[in-house]
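Asker: Pasting in a structure now, in structure tokens, and then I'll have a few things to ask.
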Amino acid sequence: MNIKRVDIFVVRTMQFTALTFFTFAVFLWYGLVFLLPMALWINISATLAGIFGDIIGTTLGIVLMVSATYYVAKVSGLVDVFLGVGLDVCKIAAASMARFNQVADSIKQDIEPEDTAVEVTVKAQAH
């Protein structure tokens with residue numbers, strides 16, 4: 001068995017592991033955008049339903065969550081910063097996959113891989 005094939009298999013396995021990690025991180029981050037308000041709404045509604053009854057408690061829970069979501073959306077730049085973190089993770093993932101491909105290509109060609117740094121720049125928000 002050719003040792004290059006083993007080396008490439010190891011690199012591709014590590015690349016798949018990193019891709020799986022970054023995919024999980026991005027899904028978790030953006031899933032948080034949708035699941036956190038829903039979880040808060042369920043808990044607030046359950047608490048208020050115990051006090052005021054099911055229909056009134058659920059209605060008050062919806063009103064409170066819509067009010068809180070509206071307030072968070074009105075804070076200048078907060079949503080952009082929150083979603084920007086997910087985009088930064090995507091950029092880091094793309095750069096990591098490119099580096100894995102570079103290592104695999106260098107193994108195929110019997111050359112040393114170039115040492116490249118990954119830079120993620122975050123733009124300052126203008127107010």
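Ordered as shown in the structure tokens, chains take letters A, B, and onward, while each chain numbers its residues from 1 and ligands are numbered from 1 in the order shown.
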From the DSSP assignment of the backbone, select every residue of chain A that is alpha helix (DSSP H), and format the answer as number ranges by chain.

Answerer: A: 3-52, 54-74, 78-109

Asker: Write out as a count of residues only the residues lying within 12 Å of Leu64 (chain A), counting only C-alpha atoms and excluding same-chain residues fewer than 5 positions away.

Answerer: 15

Asker: Measuring atom to atom with only C-alpha atoms, identify which of A:Val26, A:Ile3, A:Val11, A:Leu87 is nearest to Gln102 (chain A).

Answerer: A:Val11

Asker: Using only C-alpha atoms, which residues sit within 12 Å of Ser106 (chain A) once same-chain residues fewer than 6 positions away are excluded, as number ranges by chain?

Answerer: A: 4, 7-8, 11, 99-100, 112-115

Asker: Given the selection you just returned, output its residues as a file containing C-alpha atoms, formatted as an mmCIF file, in the first residue's frame.

Answerer:
```
data_model
loop_
_atom_site.group_PDB
_atom_site.id
_atom_site.type_symbol
_atom_site.label_atom_id
_atom_site.label_comp_id
_atom_site.auth_asym_id
_atom_site.auth_seq_id
_atom_site.Cartn_x
_atom_site.Cartn_y
_atom_site.Cartn_z
ATOM 1 C CA LYS A 4 0.764 8.697 0.080
ATOM 2 C CA ASP A 7 -1.387 10.267 4.324
ATOM 3 C CA ILE A 8 -4.137 11.625 2.090
ATOM 4 C CA VAL A 11 -5.752 14.445 5.936
ATOM 5 C CA ARG A 99 -5.591 24.741 4.231
ATOM 6 C CA PHE A 100 -6.522 21.046 4.393
ATOM 7 C CA GLU A 112 6.257 21.007 1.603
ATOM 8 C CA PRO A 113 2.971 22.809 2.280
ATOM 9 C CA GLU A 114 3.103 26.570 2.476
ATOM 10 C CA ASP A 115 2.572 28.023 5.912
#
```

Asker: If we count only C-alpha atoms, what is near Met97 (chain A) at a cut-off of 10 Å, once residues fewer than 4 positions away on the same chain are taken out, given as an mmCIF file with C-alpha atoms, in the first residue's frame?

Answerer:
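Result file follows (selection_9.cif):
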```cif
data_model
loop_
_atom_site.group_PDB
_atom_site.id
_atom_site.type_symbol
_atom_site.label_atom_id
_atom_site.label_comp_id
_atom_site.auth_asym_id
_atom_site.auth_seq_id
_atom_site.Cartn_x
_atom_site.Cartn_y
_atom_site.Cartn_z
ATOM 1 C CA ARG A 12 -9.197 13.929 4.381
ATOM 2 C CA GLN A 15 -10.780 17.602 7.069
ATOM 3 C CA PHE A 16 -14.133 15.816 7.347
ATOM 4 C CA ALA A 18 -13.249 19.780 10.983
ATOM 5 C CA LEU A 19 -16.045 20.254 8.435
ATOM 6 C CA LYS A 91 -15.065 32.329 6.976
ATOM 7 C CA ILE A 92 -12.829 30.448 9.404
ATOM 8 C CA ALA A 93 -14.298 27.147 8.171
ATOM 9 C CA ASN A 101 -6.748 20.984 0.584
ATOM 10 C CA GLN A 102 -3.343 22.634 0.373
ATOM 11 C CA VAL A 103 -1.816 19.964 2.630
#
```

Asker: Mind pulling up the distance from CA of Ala25 (chain A) to CA of Ala73 (chain A)?

Answerer: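 A separation of 23.2 Å between them.
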
Asker: May I have a table of the residues of region 83-109 of chain A lying at most 9 Å from region 28-36 of chain A, giving each one's closest pair of atoms and their distance in Å to one decimal, counting only C-alpha atoms, ordered by chain and ascending residue number, as CSV?

Answerer:
```
residue,atom,partner,partner_atom,distance
A:Leu83,CA,A:Tyr30,CA,7.6
A:Val85,CA,A:Trp29,CA,8.5
A:Gly86,CA,A:Trp29,CA,6.4
```

Asker: Using N, CA and C atoms, can you write the selected residues to a file as a PDB file, in the first residue's frame?

Answerer:
```pdb
ATOM      1  N   LEU A  83     -25.411  38.042  14.117  1.00  0.00           N
ATOM      2  CA  LEU A  83     -25.345  37.261  12.892  1.00  0.00           C
ATOM      3  C   LEU A  83     -23.946  37.291  12.271  1.00  0.00           C
ATOM      4  N   VAL A  85     -21.140  37.050  13.823  1.00  0.00           N
ATOM      5  CA  VAL A  85     -20.313  36.015  14.444  1.00  0.00           C
ATOM      6  C   VAL A  85     -20.457  34.705  13.678  1.00  0.00           C
ATOM      7  N   GLY A  86     -21.672  34.377  13.275  1.00  0.00           N
ATOM      8  CA  GLY A  86     -21.891  33.171  12.479  1.00  0.00           C
ATOM      9  C   GLY A  86     -21.184  33.249  11.141  1.00  0.00           C
TER      10      GLY A  86
END
```

Asker: Rank A:Val10, A:Arg5, A:Phe22, A:Thr17 by their smallest atom-to-atom distance to Ala95 (chain A), using only C-alpha atoms, and report the top residue only.

Answerer: A:Phe22
